[in-house]
file final.cif (mmCIF, C-alpha atoms)
data_model
loop_
_atom_site.label_atom_id
_atom_site.label_comp_id
_atom_site.auth_asym_id
_atom_site.auth_seq_id
_atom_site.Cartn_x
_atom_site.Cartn_y
_atom_site.Cartn_z
CA MET N 26 27.08 -27.37 10.02
CA ARG N 27 25.42 -26.80 13.38
CA SER N 28 23.53 -23.71 12.12
CA LYS N 29 22.36 -25.65 9.08
CA PHE N 30 21.16 -28.47 11.33
CA LEU N 31 19.32 -26.00 13.56
CA SER N 32 17.60 -24.37 10.58
CA VAL N 33 16.40 -27.77 9.37
CA VAL N 34 15.07 -28.51 12.85
CA ALA N 35 13.33 -25.13 12.96
CA VAL N 36 11.65 -25.71 9.60
CA GLY N 37 10.59 -29.16 10.72
CA ALA N 38 9.10 -27.73 13.90
CA LEU N 39 7.17 -25.12 11.93
CA LEU N 40 5.79 -27.75 9.56
CA ALA N 41 4.80 -29.97 12.46
CA SER N 42 3.07 -27.02 14.13
CA ALA N 43 1.20 -26.14 10.92
CA ASN N 44 0.10 -29.74 10.44
CA ALA N 45 -1.16 -29.95 14.02
CA LEU N 46 -3.10 -26.71 13.59
CA ALA N 47 -4.68 -27.96 10.38
CA GLN N 48 -5.70 -31.29 11.94
CA GLU N 49 -7.51 -29.69 14.88
CA TYR N 50 -8.99 -26.81 12.87
CA PRO N 51 -11.42 -25.43 13.76
CA ALA N 52 -10.79 -25.97 17.47
CA ALA N 53 -13.98 -26.30 19.50
CA ASN N 54 -12.97 -23.53 21.90
CA LYS N 55 -12.06 -20.95 19.23
CA THR N 56 -14.43 -18.70 17.29
CA ILE N 57 -13.95 -17.84 13.64
CA THR N 58 -14.34 -14.11 12.95
CA PHE N 59 -15.35 -12.52 9.67
CA VAL N 60 -13.91 -9.01 9.71
CA LEU N 61 -16.23 -6.79 7.71
CA PRO N 62 -14.61 -3.42 6.92
CA TYR N 63 -17.94 -1.57 6.84
CA ALA N 64 -20.67 -0.57 9.25
CA ALA N 65 -23.52 -2.94 10.07
CA GLY N 66 -26.75 -2.79 8.12
CA GLY N 67 -25.59 -2.56 4.51
CA PRO N 68 -25.80 -5.16 1.69
CA THR N 69 -22.29 -6.50 2.33
CA ASP N 70 -22.97 -6.82 6.05
CA LYS N 71 -26.10 -8.83 5.28
CA ALA N 72 -24.23 -11.10 2.86
CA ALA N 73 -21.50 -11.69 5.46
CA ARG N 74 -24.02 -12.66 8.12
CA ASP N 75 -25.89 -14.95 5.72
CA LEU N 76 -22.65 -16.66 4.72
CA ALA N 77 -21.54 -17.00 8.35
CA GLN N 78 -24.74 -18.89 9.16
CA SER N 79 -24.41 -21.26 6.19
CA MET N 80 -20.68 -21.85 6.64
CA SER N 81 -21.24 -22.50 10.36
CA LYS N 82 -23.73 -25.18 9.40
CA ALA N 83 -21.24 -26.64 6.90
CA MET N 84 -18.60 -26.77 9.66
CA GLY N 85 -20.74 -28.70 12.11
CA GLY N 86 -22.22 -25.67 13.86
CA HIS N 87 -18.88 -24.01 14.65
CA SER N 88 -19.28 -20.42 15.86
CA ILE N 89 -18.65 -17.67 13.28
CA VAL N 90 -19.09 -14.03 14.30
CA ILE N 91 -18.96 -10.69 12.47
CA ASP N 92 -16.58 -7.89 13.45
CA ASN N 93 -17.60 -4.58 11.81
CA ALA N 94 -14.23 -2.82 11.60
CA ALA N 95 -15.29 0.17 9.50
CA GLY N 96 -13.17 3.14 8.45
CA ALA N 97 -10.89 4.56 5.75
CA SER N 98 -13.09 3.27 2.91
CA GLY N 99 -12.64 -0.31 4.11
CA SER N 100 -8.85 -0.35 4.37
CA ILE N 101 -8.80 -0.49 8.20
CA GLY N 102 -10.64 -3.81 8.34
CA ALA N 103 -8.65 -5.25 5.44
CA ASN N 104 -5.36 -4.30 7.09
CA LYS N 105 -6.55 -5.87 10.36
CA VAL N 106 -6.83 -9.22 8.59
CA ALA N 107 -3.63 -8.78 6.55
CA LYS N 108 -1.73 -8.38 9.84
CA ALA N 109 -3.65 -11.08 11.77
CA SER N 110 -2.26 -14.45 12.81
CA PRO N 111 -2.53 -16.83 9.81
CA ASP N 112 -4.41 -19.51 11.73
CA GLY N 113 -7.78 -19.45 9.97
CA TYR N 114 -9.68 -17.74 12.80
CA THR N 115 -9.58 -14.18 11.43
CA LEU N 116 -10.94 -13.78 7.91
CA LEU N 117 -11.83 -10.83 5.71
CA PHE N 118 -15.25 -10.56 4.09
CA THR N 119 -15.32 -7.65 1.68
CA HIS N 120 -16.64 -6.52 -1.67
CA ILE N 121 -15.22 -4.95 -4.85
CA ALA N 122 -13.10 -2.61 -2.71
CA GLN N 123 -10.52 -5.42 -2.61
CA ALA N 124 -9.83 -4.55 -6.24
CA THR N 125 -10.23 -0.77 -6.11
CA LEU N 126 -8.66 0.58 -2.91
CA SER N 127 -5.13 0.28 -4.31
CA SER N 128 -6.17 2.89 -6.90
CA PHE N 129 -8.12 5.10 -4.48
CA PHE N 130 -5.23 5.31 -2.00
CA ARG N 131 -1.79 6.58 -2.94
CA THR N 132 -0.43 4.06 -0.44
CA LEU N 133 -2.01 1.17 1.47
CA PRO N 134 -0.58 -0.54 4.57
CA TYR N 135 -1.02 -3.91 2.85
CA ASN N 136 -0.61 -5.45 -0.59
CA VAL N 137 -3.87 -6.72 -2.10
CA GLU N 138 -2.14 -9.33 -4.25
CA LYS N 139 0.50 -10.59 -1.81
CA ASP N 140 -0.89 -10.26 1.73
CA PHE N 141 -4.00 -12.46 1.45
CA GLU N 142 -4.99 -16.01 0.69
CA TYR N 143 -7.96 -15.95 -1.67
CA LEU N 144 -10.70 -18.34 -0.53
CA GLY N 145 -13.50 -17.76 -3.03
CA LEU N 146 -16.16 -15.37 -4.24
CA VAL N 147 -19.63 -15.73 -2.73
CA SER N 148 -22.25 -13.51 -4.36
CA GLU N 149 -22.71 -10.44 -6.49
CA ASN N 150 -25.21 -7.61 -6.46
CA PRO N 151 -26.44 -5.88 -9.59
CA MET N 152 -26.73 -2.10 -9.56
CA ASN N 153 -29.43 0.28 -10.64
CA LEU N 154 -29.34 3.89 -11.86
CA ILE N 155 -32.02 5.95 -10.13
CA GLY N 156 -32.97 9.61 -10.00
CA ARG N 157 -34.90 12.13 -7.94
CA PRO N 158 -38.68 11.88 -8.43
CA SER N 159 -38.90 15.36 -9.95
CA LEU N 160 -36.51 14.64 -12.83
CA PRO N 161 -38.11 15.50 -16.21
CA SER N 162 -36.80 12.24 -17.74
CA ASN N 163 -38.74 8.95 -17.65
CA ASN N 164 -36.38 6.57 -19.51
CA MET N 165 -32.70 6.29 -20.36
CA ALA N 166 -32.96 7.99 -23.75
CA GLU N 167 -34.66 11.00 -22.17
CA LEU N 168 -32.17 10.97 -19.29
CA VAL N 169 -29.13 11.00 -21.59
CA SER N 170 -30.65 13.87 -23.58
CA TRP N 171 -31.31 15.79 -20.36
CA ILE N 172 -27.75 15.15 -19.12
CA ASN N 173 -26.25 16.40 -22.40
CA ALA N 174 -28.44 19.50 -22.29
CA ASN N 175 -27.44 20.30 -18.71
CA LYS N 176 -23.70 19.67 -18.64
CA GLY N 177 -22.03 21.22 -15.64
CA LYS N 178 -25.28 21.45 -13.69
CA ILE N 179 -25.88 17.82 -12.70
CA ASN N 180 -24.83 16.13 -9.46
CA ILE N 181 -24.65 12.47 -8.59
CA ALA N 182 -24.69 11.12 -5.04
CA ASN N 183 -22.59 8.31 -3.62
CA ALA N 184 -22.06 6.62 -0.26
CA GLY N 185 -18.47 7.83 0.05
CA PRO N 186 -15.12 7.42 -1.74
CA GLY N 187 -14.60 3.87 -2.94
CA SER N 188 -18.18 2.82 -2.30
CA ALA N 189 -20.15 0.76 -4.81
CA SER N 190 -22.26 3.79 -5.70
CA HIS N 191 -19.13 5.88 -6.23
CA LEU N 192 -17.60 3.33 -8.61
CA CYS N 193 -20.79 2.96 -10.63
CA GLY N 194 -21.21 6.74 -10.83
CA MET N 195 -17.64 7.20 -12.08
CA LEU N 196 -18.12 4.54 -14.75
CA PHE N 197 -21.39 6.18 -15.82
CA GLN N 198 -19.69 9.55 -16.25
CA SER N 199 -16.71 7.99 -18.00
CA THR N 200 -18.94 6.08 -20.43
CA LEU N 201 -21.02 9.16 -21.27
CA LYS N 202 -17.89 11.36 -21.30
CA VAL N 203 -19.73 13.86 -19.12
CA ASP N 204 -18.49 15.31 -15.84
CA MET N 205 -20.99 15.59 -13.00
CA THR N 206 -20.54 16.92 -9.50
CA SER N 207 -20.01 13.93 -7.22
CA VAL N 208 -21.62 14.39 -3.82
CA PRO N 209 -20.21 11.97 -1.22
CA TYR N 210 -22.21 10.96 1.86
CA LYS N 211 -21.37 8.88 4.91
CA GLY N 212 -23.33 5.90 3.71
CA THR N 213 -26.17 5.02 1.36
CA ALA N 214 -29.00 5.99 3.73
CA PRO N 215 -28.30 9.76 3.86
CA ALA N 216 -27.58 9.81 0.13
CA MET N 217 -30.91 8.14 -0.58
CA THR N 218 -32.71 10.58 1.73
CA ASP N 219 -31.38 13.57 -0.22
CA LEU N 220 -32.13 11.92 -3.57
CA ILE N 221 -35.74 11.32 -2.54
CA GLY N 222 -35.92 14.92 -1.29
CA GLY N 223 -34.57 16.29 -4.57
CA GLN N 224 -31.31 17.72 -3.19
CA VAL N 225 -29.31 15.57 -5.63
CA ASP N 226 -30.15 14.39 -9.14
CA LEU N 227 -28.88 10.85 -9.60
CA MET N 228 -27.39 7.86 -7.81
CA CYS N 229 -26.25 4.42 -8.91
CA ASP N 230 -26.48 1.83 -6.14
CA GLN N 231 -27.04 -1.83 -5.38
CA THR N 232 -30.51 -3.18 -6.06
CA THR N 233 -30.82 -4.30 -2.43
CA THR N 234 -30.95 -0.58 -1.62
CA THR N 235 -32.88 0.74 -4.62
CA ILE N 236 -35.72 -1.80 -4.90
CA PRO N 237 -37.64 -0.67 -1.78
CA GLN N 238 -37.52 2.96 -2.95
CA ILE N 239 -38.67 2.03 -6.46
CA GLU N 240 -41.51 -0.03 -5.03
CA GLY N 241 -42.55 2.95 -2.92
CA LYS N 242 -42.38 5.21 -6.01
CA LYS N 243 -39.99 7.50 -4.15
CA VAL N 244 -37.39 7.55 -6.95
CA LYS N 245 -37.26 7.10 -10.71
CA SER N 246 -35.50 4.04 -12.08
CA PHE N 247 -33.70 4.14 -15.44
CA ALA N 248 -31.55 1.04 -16.00
CA VAL N 249 -29.70 -1.88 -14.43
CA THR N 250 -25.96 -2.40 -14.79
CA THR N 251 -25.87 -6.11 -15.63
CA SER N 252 -25.36 -7.55 -19.12
CA SER N 253 -28.89 -9.03 -19.11
CA ARG N 254 -32.17 -8.04 -17.51
CA LEU N 255 -32.89 -9.11 -13.94
CA SER N 256 -35.49 -11.60 -12.74
CA SER N 257 -36.56 -9.38 -9.84
CA PRO N 258 -40.33 -8.67 -10.08
CA VAL N 259 -39.64 -4.98 -9.48
CA LEU N 260 -36.89 -4.67 -12.11
CA LYS N 261 -37.70 -7.40 -14.64
CA ASP N 262 -38.85 -4.85 -17.23
CA MET N 263 -35.99 -2.44 -16.57
CA PRO N 264 -33.53 -2.19 -19.52
CA THR N 265 -29.80 -2.71 -19.11
CA MET N 266 -27.33 0.11 -19.63
CA GLN N 267 -26.10 -1.72 -22.73
CA GLU N 268 -29.61 -1.84 -24.17
CA ALA N 269 -29.74 1.90 -23.61
CA GLY N 270 -26.63 2.35 -25.76
CA LEU N 271 -23.87 2.41 -23.13
CA LYS N 272 -21.55 -0.17 -24.67
CA ASP N 273 -19.84 -2.70 -22.37
CA PHE N 274 -21.39 -1.14 -19.25
CA ASN N 275 -21.47 -4.07 -16.85
CA VAL N 276 -21.03 -3.61 -13.09
CA THR N 277 -21.78 -5.99 -10.26
CA ILE N 278 -20.65 -5.59 -6.69
CA TRP N 279 -19.18 -8.92 -5.68
CA GLN N 280 -18.29 -10.24 -2.22
CA GLY N 281 -15.50 -12.63 -1.30
CA LEU N 282 -13.67 -14.25 1.61
CA TYR N 283 -9.95 -13.95 2.38
CA ALA N 284 -7.43 -15.23 4.94
CA PRO N 285 -4.06 -13.78 5.98
CA LYS N 286 -1.11 -14.83 3.84
CA GLY N 287 0.59 -17.92 5.21
CA THR N 288 -2.51 -19.68 6.50
CA PRO N 289 -1.81 -23.44 6.25
CA ALA N 290 -3.01 -25.09 3.05
CA ALA N 291 -5.06 -27.69 4.94
CA VAL N 292 -6.90 -24.93 6.84
CA LEU N 293 -7.56 -23.06 3.59
CA LYS N 294 -9.02 -26.23 2.06
CA LYS N 295 -11.39 -26.70 5.01
CA LEU N 296 -12.54 -23.10 4.68
CA ASN N 297 -12.95 -23.32 0.92
CA ASP N 298 -14.88 -26.60 1.22
CA ALA N 299 -17.22 -24.95 3.74
CA LEU N 300 -17.66 -21.92 1.47
CA LYS N 301 -18.54 -24.12 -1.51
CA THR N 302 -21.08 -25.99 0.60
CA ALA N 303 -22.53 -22.71 1.90
CA VAL N 304 -23.15 -21.21 -1.55
CA LYS N 305 -25.20 -24.29 -2.43
CA ASP N 306 -27.27 -24.05 0.75
CA PRO N 307 -30.92 -23.43 -0.33
CA GLU N 308 -31.44 -21.07 2.61
CA PHE N 309 -28.40 -18.98 1.64
CA ILE N 310 -29.58 -18.86 -1.98
CA ARG N 311 -33.09 -17.85 -0.90
CA LYS N 312 -31.76 -15.00 1.24
CA GLN N 313 -29.60 -13.64 -1.58
CA ASP N 314 -32.45 -13.90 -4.11
CA ALA N 315 -34.72 -11.96 -1.75
CA GLY N 316 -32.28 -9.06 -1.80
CA GLY N 317 -31.73 -9.09 -5.56
CA ALA N 318 -28.26 -10.68 -5.31
CA SER N 319 -26.96 -13.67 -7.24
CA VAL N 320 -24.97 -16.50 -5.67
CA ILE N 321 -21.70 -17.23 -7.47
CA ASN N 322 -21.30 -20.86 -8.46
CA ASP N 323 -18.42 -21.06 -10.92
CA ALA N 324 -14.62 -21.13 -11.08
CA ARG N 325 -14.46 -17.99 -8.93
CA ASN N 326 -15.45 -20.11 -5.90
CA ASP N 327 -11.95 -21.60 -6.13
CA PRO N 328 -8.92 -19.72 -4.76
CA ALA N 329 -7.14 -19.50 -8.13
CA GLY N 330 -10.24 -18.38 -10.00
CA HIS N 331 -11.07 -15.89 -7.24
CA LYS N 332 -7.63 -14.29 -7.32
CA SER N 333 -7.49 -14.18 -11.11
CA PHE N 334 -10.86 -12.42 -11.22
CA VAL N 335 -9.89 -9.85 -8.58
CA MET N 336 -6.66 -9.02 -10.40
CA SER N 337 -8.65 -8.50 -13.62
CA GLU N 338 -10.93 -6.12 -11.69
CA VAL N 339 -7.87 -4.20 -10.45
CA THR N 340 -6.86 -3.73 -14.09
CA LYS N 341 -10.39 -2.72 -15.12
CA TRP N 342 -10.98 -0.08 -12.45
CA ALA N 343 -7.52 1.49 -12.08
CA PRO N 344 -7.65 3.75 -15.15
CA ILE N 345 -11.25 4.84 -14.42
CA ILE N 346 -10.42 5.82 -10.84
CA LYS N 347 -7.10 7.47 -11.66
CA SER N 348 -8.53 9.47 -14.58
CA ALA N 349 -11.15 10.87 -12.19
CA GLY N 350 -8.35 12.11 -9.91
CA VAL N 351 -10.21 10.99 -6.79
CA TYR N 352 -8.27 9.76 -3.76
CA ALA N 353 -9.51 8.54 -0.41
CA ASP N 354 -6.47 9.77 1.54
#

call {"tool": "encode", "arguments": {"input": "final.cif", "output": "structure tokens"}}
result
Amino acid sequence: MRSKFLSVVAVGALLASANALAQEYPAANKTITFVLPYAAGGPTDKAARDLAQSMSKAMGGHSIVIDNAAGASGSIGANKVAKASPDGYTLLFTHIAQATLSSFFRTLPYNVEKDFEYLGLVSENPMNLIGRPSLPSNNMAELVSWINANKGKINIANAGPGSASHLCGMLFQSTLKVDMTSVPYKGTAPAMTDLIGGQVDLMCDQTTTTIPQIEGKKVKSFAVTTSSRLSSPVLKDMPTMQEAGLKDFNVTIWQGLYAPKGTPAAVLKKLNDALKTAVKDPEFIRKQDAGGASVINDARNDPAGHKSFVMSEVTKWAPIIKSAGVYAD
């Protein structure tokens, strides 16, 4: 009887503690940290910083900082948040890797489905297939013909295992049923440098990265990966992969926000409310538009919709990654 009484008291104390935390959240003397599992300077880093500014404004100017915890294809930063105190002050901001790393790694130190609270998706970046300037092809039809005529001789660059460019490149090869030599780099910048210099043939990457190079006529552009054409002045006349005959080819690199499992519901609601306000902030929308990204404003802003979407992406990418036999560990 005594042990039962003590357990009831303990549960009551925990609930009281959680309620107190939720009521004072966010405390004026505590900073909220977005852990970004990638190096500074990339498209996801920019999106995280833009969101931090708009969410800070939505939370009365509360301080939100970025912690670039890069390494192991993004799993180091994700694990840091999975193991963090569930108090709402350490959050994960990451992209499509949340749905793909469980297929890239034979084992992960965390469970994507069970170790996080899903707060909401934020934005998504279309992708763009580009090639070295000396390629003999000038459109997708010519490119596909060239690829089929040169099987076993073509290479395709990416920014490393599990990167957006790697995923898009794998899907491209899978859709065409053609194997190319994948050339991994430590980031998009060195991959782009070699593409421009002609050391590699192709790369598929986010439009935030490709647009400046297309504008400068340093690479050839062949198609975008969205289901409809983009509004970007640089890419508005660029066909989609589906228009070019690659059925159901639709890839966007989305970004979302996560908290450690067990974060109090009231804290999660405050964070989700701030996120929903942030994605409607005209300044946030303007910044994403400028980089070719689209702000998400649908059911995926809600925790349930966010989680459901990510689990569907896990299902989509797992067979593609596993059939390629590529592992990050």

call {"tool": "residues_around", "arguments": {"input": "final.cif", "residues": "Pro62 (chain N)", "least_positions_apart": "5", "cutoff": "6 Å", "atoms": "all atoms listed in the file", "output": "number ranges by chain"}}
result
N: 93-95, 99, 102

call {"tool": "residues_around", "arguments": {"input": "final.cif", "residues": "Asp75 (chain N)", "least_positions_apart": "4", "cutoff": "9 Å", "atoms": "all atoms listed in the file", "output": "list in words"}}
result
Asp70, Lys71, Ser79, Met80, Glu308, Phe309, Lys312 and Gln313 of chain N

call {"tool": "closest_atom_pairs", "arguments": {"input": "final.cif", "of": "region 108-174 of chain N", "to": "region 280-291 of chain N", "cutoff": "6 Å", "atoms": "only C-alpha atoms", "output": "tab-separated table"}}
result
residue	atom	partner	partner_atom	distance
N:Pro111	CA	N:Thr288	CA	4.4
N:Asp112	CA	N:Thr288	CA	5.6
N:Leu116	CA	N:Ala284	CA	4.8
N:Leu117	CA	N:Tyr283	CA	4.9
N:Phe118	CA	N:Leu282	CA	4.7
N:Thr119	CA	N:Gln280	CA	5.5
N:His120	CA	N:Gln280	CA	4.1
N:Asp140	CA	N:Lys286	CA	5.0
N:Phe141	CA	N:Lys286	CA	4.4
N:Glu142	CA	N:Ala284	CA	5.0
N:Tyr143	CA	N:Tyr283	CA	4.9
N:Leu144	CA	N:Tyr283	CA	5.3
N:Gly145	CA	N:Gly281	CA	5.8
N:Leu146	CA	N:Gly281	CA	4.1
N:Val147	CA	N:Gly281	CA	5.4
N:Ser148	CA	N:Gln280	CA	5.6

call {"tool": "closest_residue", "arguments": {"input": "final.cif", "among": "N:Ile121, N:Ala329, N:Val259, N:Leu220", "to": "Asn297 (chain N)", "atoms": "all atoms listed in the file"}}
result
N:Ala329

call {"tool": "residues_near_point", "arguments": {"input": "final.cif", "point": "(-32.8, 12.6, -2.9)", "cutoff": "10 Å", "atoms": "all atoms listed in the file", "output": "ChimeraX atom specification"}}
result
/N:155-159,181-182,215-228,243-244

call {"tool": "closest_residue", "arguments": {"input": "final.cif", "among": "N:Pro68, N:Asn136, N:Tyr50, N:Asp262", "to": "Ala214 (chain N)", "atoms": "all atoms listed in the file"}}
result
N:Pro68

call {"tool": "resolve_selection", "arguments": {"input": "final.cif", "expression": "the PyMOL selection byres ((chain N and resi 185) around 6)", "output": "list in words"}}
result
Asn183, Ala184, Pro186, Ser188, Pro209, Tyr210 and Lys211 of chain N

call {"tool": "closest_residue", "arguments": {"input": "final.cif", "among": "N:Ala124, N:Ala166, N:Val304, N:Val106", "to": "Lys82 (chain N)", "atoms": "all atoms listed in the file"}}
result
N:Val304

call {"tool": "resolve_selection", "arguments": {"input": "final.cif", "expression": "the PyMOL selection byres ((chain N and resi 125) around 12)", "output": "JSON, numbers by chain"}}
result
{"N": [98, 99, 100, 119, 120, 121, 122, 123, 124, 126, 127, 128, 129, 130, 131, 133, 137, 138, 186, 187, 188, 189, 191, 192, 278, 335, 336, 337, 338, 339, 340, 341, 342, 343, 344, 345, 346, 347, 351, 352, 353]}

call {"tool": "write_last_selection", "arguments": {"input": "final.cif", "atoms": "C-alpha atoms", "output": "mmCIF file, in the frame of the given file"}}
result
data_model
loop_
_atom_site.group_PDB
_atom_site.id
_atom_site.type_symbol
_atom_site.label_atom_id
_atom_site.label_comp_id
_atom_site.auth_asym_id
_atom_site.auth_seq_id
_atom_site.Cartn_x
_atom_site.Cartn_y
_atom_site.Cartn_z
ATOM 1 C CA SER N 98 -13.090 3.270 2.910
ATOM 2 C CA GLY N 99 -12.640 -0.310 4.110
ATOM 3 C CA SER N 100 -8.850 -0.350 4.370
ATOM 4 C CA THR N 119 -15.320 -7.650 1.680
ATOM 5 C CA HIS N 120 -16.640 -6.520 -1.670
ATOM 6 C CA ILE N 121 -15.220 -4.950 -4.850
ATOM 7 C CA ALA N 122 -13.100 -2.610 -2.710
ATOM 8 C CA GLN N 123 -10.520 -5.420 -2.610
ATOM 9 C CA ALA N 124 -9.830 -4.550 -6.240
ATOM 10 C CA LEU N 126 -8.660 0.580 -2.910
ATOM 11 C CA SER N 127 -5.130 0.280 -4.310
ATOM 12 C CA SER N 128 -6.170 2.890 -6.900
ATOM 13 C CA PHE N 129 -8.120 5.100 -4.480
ATOM 14 C CA PHE N 130 -5.230 5.310 -2.000
ATOM 15 C CA ARG N 131 -1.790 6.580 -2.940
ATOM 16 C CA LEU N 133 -2.010 1.170 1.470
ATOM 17 C CA VAL N 137 -3.870 -6.720 -2.100
ATOM 18 C CA GLU N 138 -2.140 -9.330 -4.250
ATOM 19 C CA PRO N 186 -15.120 7.420 -1.740
ATOM 20 C CA GLY N 187 -14.600 3.870 -2.940
ATOM 21 C CA SER N 188 -18.180 2.820 -2.300
ATOM 22 C CA ALA N 189 -20.150 0.760 -4.810
ATOM 23 C CA HIS N 191 -19.130 5.880 -6.230
ATOM 24 C CA LEU N 192 -17.600 3.330 -8.610
ATOM 25 C CA ILE N 278 -20.650 -5.590 -6.690
ATOM 26 C CA VAL N 335 -9.890 -9.850 -8.580
ATOM 27 C CA MET N 336 -6.660 -9.020 -10.400
ATOM 28 C CA SER N 337 -8.650 -8.500 -13.620
ATOM 29 C CA GLU N 338 -10.930 -6.120 -11.690
ATOM 30 C CA VAL N 339 -7.870 -4.200 -10.450
ATOM 31 C CA THR N 340 -6.860 -3.730 -14.090
ATOM 32 C CA LYS N 341 -10.390 -2.720 -15.120
ATOM 33 C CA TRP N 342 -10.980 -0.080 -12.450
ATOM 34 C CA ALA N 343 -7.520 1.490 -12.080
ATOM 35 C CA PRO N 344 -7.650 3.750 -15.150
ATOM 36 C CA ILE N 345 -11.250 4.840 -14.420
ATOM 37 C CA ILE N 346 -10.420 5.820 -10.840
ATOM 38 C CA LYS N 347 -7.100 7.470 -11.660
ATOM 39 C CA VAL N 351 -10.210 10.990 -6.790
ATOM 40 C CA TYR N 352 -8.270 9.760 -3.760
ATOM 41 C CA ALA N 353 -9.510 8.540 -0.410
#

call {"tool": "closest_residue", "arguments": {"input": "final.cif", "among": "N:Thr58, N:Ala174, N:Asn150, N:Ala65", "to": "Lys105 (chain N)", "atoms": "all atoms listed in the file"}}
result
N:Thr58

call {"tool": "atom_distance", "arguments": {"input": "final.cif", "atom1": "CA of Asp92 (chain N)", "atom2": "CA of Met195 (chain N)"}}
result
29.7 Å
